[in-house]
file start_22.csv (CSV, C-alpha atoms)
chain,number,residue,atom,x,y,z
A,22,MET,CA,109.8,183.5,200.8
A,23,ASN,CA,107.6,186.2,199.4
A,24,ILE,CA,104.2,184.8,198.6
A,25,PRO,CA,102.5,186.9,195.8
A,26,LYS,CA,99.4,188.9,196.7
A,27,ARG,CA,95.9,187.8,195.8
A,28,ILE,CA,92.4,189.1,195.6
A,29,GLN,CA,89.9,187.0,197.6
A,30,LEU,CA,87.4,185.5,195.3
A,31,ALA,CA,86.6,182.1,196.7
A,32,ASN,CA,84.6,181.1,199.7
A,33,LEU,CA,87.3,179.8,202.1
A,34,PRO,CA,88.0,177.6,203.9
A,35,THR,CA,86.2,174.8,202.2
A,36,PRO,CA,84.9,172.1,204.5
A,37,ILE,CA,86.2,168.6,205.0
A,38,PHE,CA,83.8,165.7,205.6
A,39,PRO,CA,84.3,161.9,206.2
A,40,LEU,CA,83.3,159.7,203.3
A,41,SER,CA,81.3,156.6,204.2
A,42,TYR,CA,81.3,155.2,200.7
A,43,LYS,CA,82.5,151.6,200.8
A,44,LYS,CA,83.8,152.2,204.3
A,45,ASP,CA,82.9,148.7,205.5
A,46,GLU,CA,85.0,147.1,202.7
A,47,PHE,CA,88.3,148.8,203.7
A,48,LYS,CA,90.4,148.1,206.7
A,49,ASP,CA,93.0,150.6,208.0
A,50,VAL,CA,91.7,153.3,205.6
A,51,ASN,CA,89.7,156.4,206.5
A,52,ILE,CA,88.6,158.5,203.6
A,53,PHE,CA,87.7,162.2,203.8
A,54,ILE,CA,86.7,164.7,201.1
A,55,LYS,CA,87.6,168.4,200.9
A,56,ARG,CA,84.8,170.2,199.0
A,57,ASP,CA,86.6,172.7,196.8
A,58,ASP,CA,83.4,172.5,194.7
A,59,TYR,CA,82.1,174.8,197.5
A,60,THR,CA,84.4,177.7,196.6
A,61,GLY,CA,81.5,179.4,194.9
A,62,ILE,CA,78.7,179.0,192.4
A,63,GLU,CA,79.8,180.8,189.2
A,64,VAL,CA,83.4,180.2,190.2
A,65,SER,CA,82.9,176.7,191.7
A,66,GLY,CA,86.0,174.4,191.8
A,67,ASN,CA,89.7,174.5,192.2
A,68,LYS,CA,90.5,177.1,189.4
A,69,ILE,CA,89.3,180.0,191.5
A,70,ARG,CA,92.1,179.5,194.1
A,71,LYS,CA,94.6,180.0,191.3
A,72,LEU,CA,92.7,182.8,189.7
A,73,GLU,CA,92.9,184.8,192.9
A,74,PHE,CA,96.6,185.3,192.3
A,75,SER,CA,96.3,185.6,188.5
A,76,LEU,CA,93.7,188.4,188.8
A,77,LYS,CA,95.7,190.4,191.2
A,78,ASP,CA,98.7,190.2,188.9
A,79,ALA,CA,96.6,191.2,185.9
A,80,LEU,CA,95.1,194.2,187.7
A,81,ASP,CA,98.5,195.3,188.9
A,82,LYS,CA,99.5,195.4,185.3
A,83,ASN,CA,96.4,197.4,184.3
A,84,ALA,CA,94.9,194.7,182.2
A,85,LYS,CA,91.5,195.3,180.7
A,86,VAL,CA,91.2,191.9,179.0
A,87,LEU,CA,91.8,188.4,180.4
A,88,ILE,CA,92.8,185.8,177.8
A,89,THR,CA,92.9,182.1,178.5
A,90,CYS,CA,92.3,178.7,176.9
A,91,GLY,CA,90.7,175.3,177.5
A,92,GLY,CA,88.2,172.8,176.2
A,93,ILE,CA,84.6,173.8,175.2
A,94,GLN,CA,83.5,172.7,178.7
A,95,SER,CA,86.5,174.2,180.5
A,96,ASN,CA,85.7,174.9,184.2
A,97,HIS,CA,88.7,177.3,184.2
A,98,CYS,CA,87.4,179.3,181.2
A,99,ARG,CA,84.0,179.6,182.9
A,100,ALA,CA,85.6,180.8,186.1
A,101,THR,CA,87.8,183.3,184.2
A,102,ALA,CA,84.8,184.7,182.3
A,103,SER,CA,82.9,185.1,185.6
A,104,VAL,CA,85.8,186.9,187.4
A,105,ALA,CA,86.3,189.2,184.4
A,106,ALA,CA,82.7,190.2,184.4
A,107,ALA,CA,82.8,190.8,188.1
A,108,TYR,CA,85.7,193.2,187.8
A,109,GLY,CA,84.5,195.0,184.7
A,110,LEU,CA,87.1,193.3,182.4
A,111,LYS,CA,86.7,191.6,179.0
A,112,SER,CA,87.4,187.9,178.7
A,113,HIS,CA,88.6,186.2,175.5
A,114,LEU,CA,88.5,182.4,175.5
A,115,LEU,CA,90.5,180.2,173.1
A,116,LEU,CA,88.4,177.0,173.0
A,117,ARG,CA,89.1,173.6,171.4
A,118,TYR,CA,86.0,171.8,170.3
A,119,ASP,CA,84.5,169.1,168.2
A,120,LYS,CA,81.0,170.5,168.3
A,121,LYS,CA,79.6,173.6,169.9
A,122,GLN,CA,76.9,172.6,172.4
A,123,VAL,CA,75.4,175.7,174.0
A,124,GLU,CA,75.1,174.2,177.4
A,125,GLY,CA,77.1,173.6,180.6
A,126,ASN,CA,80.2,175.8,181.0
A,127,TYR,CA,80.1,177.1,177.4
A,128,PHE,CA,76.5,178.4,178.0
A,129,LEU,CA,77.8,180.3,181.1
A,130,ASP,CA,80.8,181.6,179.1
A,131,LYS,CA,78.3,183.2,176.7
A,132,LEU,CA,76.1,184.4,179.5
A,133,PHE,CA,79.2,186.2,181.1
A,134,GLY,CA,79.8,188.0,177.8
A,135,ALA,CA,83.1,186.3,176.9
A,136,ASN,CA,84.6,186.6,173.4
A,137,PHE,CA,85.7,183.4,171.7
A,138,THR,CA,88.2,182.0,169.2
A,139,PHE,CA,87.6,178.3,168.3
A,140,ILE,CA,90.4,176.0,167.3
A,141,THR,CA,91.0,172.3,166.6
A,142,GLU,CA,92.5,169.8,168.9
A,143,LYS,CA,95.7,169.9,166.9
A,144,GLU,CA,95.9,173.7,166.9
A,145,TYR,CA,95.3,173.6,170.7
A,146,LYS,CA,98.0,171.1,171.4
A,147,TYR,CA,100.8,172.8,169.3
A,148,ASN,CA,99.8,176.4,168.9
A,149,ARG,CA,97.7,177.6,171.8
A,150,SER,CA,100.4,179.8,173.4
A,151,GLU,CA,101.2,181.5,170.1
A,152,LEU,CA,97.5,182.0,169.3
A,153,MET,CA,96.9,183.6,172.7
A,154,GLU,CA,99.8,185.9,172.1
A,155,ASN,CA,98.3,186.9,168.7
A,156,ILE,CA,95.0,187.7,170.4
A,157,LYS,CA,96.8,189.8,173.0
A,158,LYS,CA,98.5,191.8,170.3
A,159,GLU,CA,95.2,192.4,168.6
A,160,TYR,CA,93.7,193.9,171.8
A,161,GLU,CA,96.8,196.0,172.4
A,162,LEU,CA,96.7,197.5,168.9
A,163,LYS,CA,93.3,198.8,170.0
A,164,GLY,CA,94.8,200.3,173.1
A,165,GLU,CA,93.5,197.6,175.5
A,166,GLU,CA,96.1,196.0,177.8
A,167,ALA,CA,95.6,192.2,177.8
A,168,TYR,CA,96.8,189.5,180.3
A,169,ILE,CA,97.3,185.9,179.3
A,170,ILE,CA,96.4,183.2,181.9
A,171,PRO,CA,97.6,179.7,180.8
A,172,GLU,CA,95.5,176.6,180.7
A,173,GLY,CA,94.0,176.1,184.2
A,174,ALA,CA,95.9,179.1,185.6
A,175,SER,CA,98.6,176.6,186.0
A,176,ASN,CA,101.8,178.5,186.3
A,177,GLY,CA,104.2,179.8,188.9
A,178,ILE,CA,101.9,182.4,190.2
A,179,GLY,CA,98.7,180.3,190.0
A,180,MET,CA,100.2,177.5,192.0
A,181,PHE,CA,100.2,179.6,195.2
A,182,GLY,CA,96.4,179.0,195.3
A,183,TYR,CA,97.1,175.5,196.4
A,184,TYR,CA,100.1,176.4,198.5
A,185,ASN,CA,97.5,178.3,200.5
A,186,ALA,CA,95.1,175.4,200.3
A,187,PHE,CA,97.8,173.2,201.9
A,188,LEU,CA,98.1,175.7,204.8
A,189,GLU,CA,94.3,175.6,205.1
A,190,ILE,CA,94.4,171.8,205.3
A,191,LEU,CA,97.0,172.0,208.1
A,192,ASP,CA,94.7,174.3,210.1
A,193,GLN,CA,91.8,171.9,209.5
A,194,GLU,CA,93.9,169.0,210.7
A,195,LYS,CA,94.5,170.7,214.0
A,196,SER,CA,90.8,171.5,214.5
A,197,MET,CA,89.8,168.0,213.5
A,198,GLY,CA,92.5,166.3,215.5
A,199,ILE,CA,93.7,164.3,212.6
A,200,ASN,CA,96.7,163.9,210.3
A,201,PHE,CA,96.2,163.1,206.6
A,202,ASP,CA,98.8,160.6,205.3
A,203,THR,CA,97.8,161.1,201.7
A,204,ILE,CA,96.2,163.9,199.8
A,205,CYS,CA,94.7,162.8,196.5
A,206,LEU,CA,93.5,164.9,193.6
A,207,THR,CA,92.9,165.1,189.8
A,208,GLU,CA,95.9,166.0,187.6
A,209,GLY,CA,95.1,168.0,184.5
A,210,SER,CA,97.3,171.1,183.8
A,211,GLY,CA,99.5,170.7,186.8
A,212,GLY,CA,98.9,173.8,188.9
A,213,THR,CA,96.8,172.3,191.7
A,214,TYR,CA,99.3,169.5,192.2
A,215,SER,CA,102.3,171.8,192.0
A,216,GLY,CA,101.0,174.0,194.8
A,217,LEU,CA,100.3,171.1,197.1
A,218,TYR,CA,103.6,169.4,196.4
A,219,PHE,CA,105.6,172.6,196.8
A,220,ALA,CA,104.0,173.3,200.2
A,221,ASN,CA,104.5,169.7,201.3
A,222,GLU,CA,108.2,169.8,200.4
A,223,ILE,CA,108.9,173.3,201.8
A,224,LEU,CA,107.1,172.7,205.1
A,225,LYS,CA,108.6,169.1,205.3
A,226,LYS,CA,105.2,167.5,206.1
A,227,LYS,CA,106.1,164.2,204.4
A,228,LYS,CA,102.6,163.6,203.2
A,229,LYS,CA,102.0,161.6,200.0
A,230,ILE,CA,100.6,163.9,197.3
A,231,VAL,CA,99.0,161.5,194.8
A,232,ALA,CA,97.2,162.5,191.6
A,233,PHE,CA,95.4,160.8,188.8
A,234,ASN,CA,96.2,162.0,185.3
A,235,ILE,CA,92.9,162.5,183.5
A,236,TYR,CA,94.4,164.3,180.5
A,237,ASP,CA,96.9,162.2,178.5
A,238,LYS,CA,98.4,159.0,179.9
A,239,ASN,CA,101.5,159.6,177.8
A,240,ALA,CA,102.2,163.2,178.9
A,241,ASP,CA,105.4,164.1,180.7
A,242,VAL,CA,103.5,165.3,183.8
A,243,LYS,CA,106.4,165.3,186.2
A,244,SER,CA,108.4,167.7,184.0
A,245,GLU,CA,105.5,170.1,183.7
A,246,ILE,CA,104.9,170.1,187.5
A,247,ALA,CA,108.6,170.7,188.1
A,248,LYS,CA,108.6,173.6,185.6
A,249,ILE,CA,105.6,175.2,187.3
A,250,ILE,CA,107.3,174.9,190.8
A,251,ASP,CA,110.6,176.3,189.5
A,252,ASP,CA,108.7,179.3,188.1
A,253,GLY,CA,107.0,179.7,191.5
A,254,LEU,CA,110.4,179.6,193.3
A,255,LYS,CA,111.6,182.5,191.1
A,256,ILE,CA,108.4,184.5,191.7
A,257,SER,CA,108.6,184.1,195.4
A,258,SER,CA,112.4,184.6,195.6
A,259,CYS,CA,112.6,181.3,197.4
A,260,ASP,CA,116.1,179.7,197.3
A,261,GLU,CA,115.0,176.3,198.6
A,262,THR,CA,115.9,173.2,196.6
A,263,ILE,CA,112.9,171.1,195.8
A,264,ASN,CA,113.2,167.3,195.5
A,265,TYR,CA,110.9,166.1,192.7
A,266,ASP,CA,111.5,162.4,193.3
A,267,ASN,CA,108.3,162.1,195.4
A,268,ILE,CA,105.9,163.2,192.7
A,269,ILE,CA,103.2,160.5,192.3
A,270,VAL,CA,100.9,160.7,189.3
A,271,ASN,CA,99.0,157.7,188.2
A,272,PRO,CA,98.1,157.6,184.4
A,273,ASP,CA,96.2,154.4,184.4
A,274,TYR,CA,92.7,155.9,184.6
A,275,ALA,CA,92.9,158.5,181.9
A,276,GLY,CA,91.2,156.3,179.4
A,277,GLU,CA,91.4,157.6,175.8
A,278,GLY,CA,92.1,161.2,177.0
A,279,TYR,CA,90.7,164.4,178.3
A,280,GLY,CA,86.9,164.6,178.4
A,281,ILE,CA,86.5,161.0,177.1
A,282,ALA,CA,84.6,159.0,179.7
A,283,TYR,CA,84.3,155.3,179.8
A,284,LYS,CA,81.6,152.9,181.2
A,285,GLU,CA,83.4,152.1,184.5
A,286,VAL,CA,83.6,155.8,185.4
A,287,ILE,CA,80.0,156.6,184.4
A,288,ASP,CA,78.8,153.6,186.5
A,289,PHE,CA,81.0,154.8,189.5
A,290,ILE,CA,79.6,158.3,189.3
A,291,LYS,CA,76.0,157.1,189.3
A,292,ASN,CA,76.5,154.7,192.2
A,293,PHE,CA,78.6,157.3,194.2
A,294,ALA,CA,75.8,159.9,193.8
A,295,ARG,CA,73.1,157.4,194.9
A,296,LYS,CA,75.2,156.4,198.0
A,297,THR,CA,76.5,159.8,199.1
A,298,GLY,CA,74.5,162.5,197.5
A,299,ILE,CA,77.7,164.0,196.0
A,300,ILE,CA,78.0,164.9,192.4
A,301,LEU,CA,81.2,164.0,190.4
A,302,ASP,CA,81.9,164.7,186.8
A,303,PRO,CA,83.2,162.3,184.1
A,304,VAL,CA,86.1,164.6,183.0
A,305,TYR,CA,87.9,165.2,186.3
A,306,THR,CA,86.7,164.0,189.7
A,307,GLY,CA,84.8,160.9,188.4
A,308,LYS,CA,88.0,159.5,186.8
A,309,SER,CA,90.2,160.4,189.7
A,310,LEU,CA,88.0,159.1,192.5
A,311,TYR,CA,87.2,156.0,190.6
A,312,GLY,CA,90.9,155.5,190.3
A,313,MET,CA,91.5,156.1,194.0
A,314,TYR,CA,88.9,153.6,195.1
A,315,SER,CA,90.3,151.1,192.6
A,316,GLU,CA,93.8,151.5,193.9
A,317,ILE,CA,92.6,151.1,197.5
A,318,GLU,CA,90.9,147.8,196.5
A,319,ASN,CA,94.2,146.7,194.9
A,320,LYS,CA,96.0,147.3,198.2
A,321,ASN,CA,98.2,150.2,196.8
A,322,GLN,CA,100.3,151.3,199.7
A,323,ASN,CA,100.0,154.9,198.7
A,324,PHE,CA,96.4,154.7,200.0
A,325,VAL,CA,96.6,153.6,203.6
A,326,GLY,CA,95.7,155.5,206.9
A,327,ASN,CA,93.9,158.8,206.6
A,328,ILE,CA,93.3,159.9,203.0
A,329,LEU,CA,92.0,163.3,201.9
A,330,PHE,CA,90.4,163.5,198.4
A,331,ILE,CA,90.1,167.1,197.0
A,332,HIS,CA,86.8,167.5,195.1
A,333,THR,CA,87.9,170.1,192.5
A,334,GLY,CA,84.5,170.8,191.0
A,335,GLY,CA,83.1,170.2,187.5
A,336,LEU,CA,79.3,170.3,188.1
A,337,PHE,CA,78.4,172.5,185.0
A,338,GLY,CA,80.4,170.4,182.6
A,339,LEU,CA,78.4,167.3,183.7
A,340,PHE,CA,75.3,168.6,182.0
A,341,ALA,CA,77.0,168.4,178.6
A,342,LYS,CA,77.6,164.7,179.2
A,343,LYS,CA,74.1,163.9,180.4
A,344,ASP,CA,73.4,161.5,177.5
A,345,LEU,CA,76.1,159.2,178.8
A,346,PHE,CA,74.2,158.4,182.0
A,347,PHE,CA,70.9,157.0,181.0
A,348,ASP,CA,69.4,155.0,178.1
A,349,SER,CA,66.6,157.5,178.0
A,350,LEU,CA,66.5,161.0,179.4
A,351,TYR,CA,62.7,161.0,179.4
A,352,ASP,CA,61.8,158.1,181.6

call {"tool": "encode", "arguments": {"input": "start_22.csv", "output": "structure tokens"}}
result
Amino acid sequence: MNIPKRIQLANLPTPIFPLSYKKDEFKDVNIFIKRDDYTGIEVSGNKIRKLEFSLKDALDKNAKVLITCGGIQSNHCRATASVAAAYGLKSHLLLRYDKKQVEGNYFLDKLFGANFTFITEKEYKYNRSELMENIKKEYELKGEEAYIIPEGASNGIGMFGYYNAFLEILDQEKSMGINFDTICLTEGSGGTYSGLYFANEILKKKKKIVAFNIYDKNADVKSEIAKIIDDGLKISSCDETINYDNIIVNPDYAGEGYGIAYKEVIDFIKNFARKTGIILDPVYTGKSLYGMYSEIENKNQNFVGNILFIHTGGLFGLFAKKDLFFDSLYD
């Protein structure tokens, strides 16, 4: 297998710590957290692992502009804008929005000098790929080579960021003297899950890779994950056959959809912060970790033994949701 080359952008390896939250309530369960929110400051979170591969491919193709898409508070778009600025490239972000709040990730996008195209939820759902291609053509008519990175850098090349992360976890298991039975994470655009699942299958480690869908409870997530992995197999010239029957994605905690938090998640984030000093966000990690703890309480057999939760970041997006947390912000 030929793993694509990357440019090192993230602070790696990210540490793993034991979680004491509700430890006394659970028997036969040991919970750990891998802090992929430590990958950097401007590039904090899981997206940068995937962008390491996307950026290398873009530079090899002489790209001068990085084009990508996401919500108005997209962590991925913020990381892309930061990376582009660091490498002297332009960035152009296709953002879906209901209102433009110049705060959080969007504030940082502007600070990094990104260019923007704003579209509706419907346009984003059905036309984002076409719209990014149109933006690419506009740059190329001006003589600027442009490179499209899909939502979340979740494609065949981006997934190798979390193939590498799986290898990193195996090394940490050895140094810690532990074996993780389950690796748990947030499922959004599929790339993070795909890389972990691919590595687990290829290396025959027989861990449970469990995700919580925070995007759309009705989405065909398994097909999207399989598509990303199939693309990765071609890129790496890997002739292994992947069994997709072990994909585990729980849709029960998505609520009304992406970026829409509900009271139980907000309460969980506040209590978790006060008990652990760790910040979660209501879009990604808050929903997924709330889901994980709920499933442990419900005796779900996917969550027994040693469990590793991957904290995939989201701090900056939290600030745009601050009004959800307190009756008054001026107490």

call {"tool": "residues_around", "arguments": {"input": "start_22.csv", "residues": "Val242 of chain A", "least_positions_apart": "5", "cutoff": "12 Å", "atoms": "only C-alpha atoms", "output": "PDB file with C-alpha atoms, in the frame of the given file"}}
result
ATOM      1  CA  GLU A 208      95.900 166.000 187.600  1.00  0.00           C
ATOM      2  CA  GLY A 209      95.100 168.000 184.500  1.00  0.00           C
ATOM      3  CA  SER A 210      97.300 171.100 183.800  1.00  0.00           C
ATOM      4  CA  GLY A 211      99.500 170.700 186.800  1.00  0.00           C
ATOM      5  CA  GLY A 212      98.900 173.800 188.900  1.00  0.00           C
ATOM      6  CA  TYR A 214      99.300 169.500 192.200  1.00  0.00           C
ATOM      7  CA  SER A 215     102.300 171.800 192.000  1.00  0.00           C
ATOM      8  CA  ALA A 232      97.200 162.500 191.600  1.00  0.00           C
ATOM      9  CA  PHE A 233      95.400 160.800 188.800  1.00  0.00           C
ATOM     10  CA  ASN A 234      96.200 162.000 185.300  1.00  0.00           C
ATOM     11  CA  ILE A 235      92.900 162.500 183.500  1.00  0.00           C
ATOM     12  CA  TYR A 236      94.400 164.300 180.500  1.00  0.00           C
ATOM     13  CA  ASP A 237      96.900 162.200 178.500  1.00  0.00           C
ATOM     14  CA  ALA A 247     108.600 170.700 188.100  1.00  0.00           C
ATOM     15  CA  LYS A 248     108.600 173.600 185.600  1.00  0.00           C
ATOM     16  CA  ILE A 249     105.600 175.200 187.300  1.00  0.00           C
ATOM     17  CA  TYR A 265     110.900 166.100 192.700  1.00  0.00           C
ATOM     18  CA  ILE A 268     105.900 163.200 192.700  1.00  0.00           C
ATOM     19  CA  ILE A 269     103.200 160.500 192.300  1.00  0.00           C
ATOM     20  CA  VAL A 270     100.900 160.700 189.300  1.00  0.00           C
ATOM     21  CA  ASN A 271      99.000 157.700 188.200  1.00  0.00           C
ATOM     22  CA  PRO A 272      98.100 157.600 184.400  1.00  0.00           C
TER      23      PRO A 272
END

call {"tool": "residues_around", "arguments": {"input": "start_22.csv", "residues": "Asn32 of chain A", "least_positions_apart": "3", "cutoff": "8 Å", "atoms": "all atoms listed in the file", "output": "list in words"}}
result
Thr35, Tyr59, Thr60 and Gly61 of chain A

call {"tool": "closest_residue", "arguments": {"input": "start_22.csv", "among": "A:Arg99, A:Lys121, A:Lys163, A:Lys227", "to": "Val64 of chain A", "atoms": "only C-alpha atoms"}}
result
A:Arg99

call {"tool": "closest_residue", "arguments": {"input": "start_22.csv", "among": "A:Asn264, A:Gln29, A:Gln322, A:Asn83", "to": "Asp202 of chain A", "atoms": "only C-alpha atoms"}}
result
A:Gln322

call {"tool": "closest_residue", "arguments": {"input": "start_22.csv", "among": "A:Ile178, A:Cys98, A:Ala294, A:Ile52", "to": "Arg117 of chain A", "atoms": "all atoms listed in the file"}}
result
A:Cys98

call {"tool": "closest_residue", "arguments": {"input": "start_22.csv", "among": "A:Asn321, A:Ser112, A:Ser257, A:Thr297", "to": "Tyr168 of chain A", "atoms": "all atoms listed in the file"}}
result
A:Ser112

call {"tool": "atom_distance", "arguments": {"input": "start_22.csv", "atom1": "atom CA of Asp251 of chain A", "atom2": "atom CA of Ile88 of chain A"}}
result
23.3 Å

call {"tool": "residues_around", "arguments": {"input": "start_22.csv", "residues": "segment 331-345 of chain A", "least_positions_apart": "3", "cutoff": "9 Å", "atoms": "all atoms listed in the file", "output": "count of residues only"}}
result
40

call {"tool": "residues_around", "arguments": {"input": "start_22.csv", "residues": "Met22 of chain A", "least_positions_apart": "5", "cutoff": "10 Å", "atoms": "all atoms listed in the file", "output": "PyMOL selection string"}}
result
chain A and resi 254-261

call {"tool": "residues_around", "arguments": {"input": "start_22.csv", "residues": "Tyr118 of chain A", "least_positions_apart": "4", "cutoff": "8 Å", "atoms": "only C-alpha atoms", "output": "list of chain:residue names"}}
result
A:Gly92, A:Ile93, A:Phe139, A:Ile140, A:Thr141, A:Glu142

call {"tool": "atom_distance", "arguments": {"input": "start_22.csv", "atom1": "atom CA of Tyr183 of chain A", "atom2": "atom CA of Ile24 of chain A"}}
result
11.9 Å

call {"tool": "closest_residue", "arguments": {"input": "start_22.csv", "among": "A:Phe293, A:Asp130, A:Leu191, A:Lys85", "to": "Ser103 of chain A", "atoms": "all atoms listed in the file"}}
result
A:Asp130

call {"tool": "atom_distance", "arguments": {"input": "start_22.csv", "atom1": "atom CA of Gly173 of chain A", "atom2": "atom CA of Asn292 of chain A"}}
result
28.8 Å

call {"tool": "closest_residue", "arguments": {"input": "start_22.csv", "among": "A:Asn155, A:Tyr108, A:Ala135, A:Gly91", "to": "Pro171 of chain A", "atoms": "only C-alpha atoms"}}
result
A:Gly91
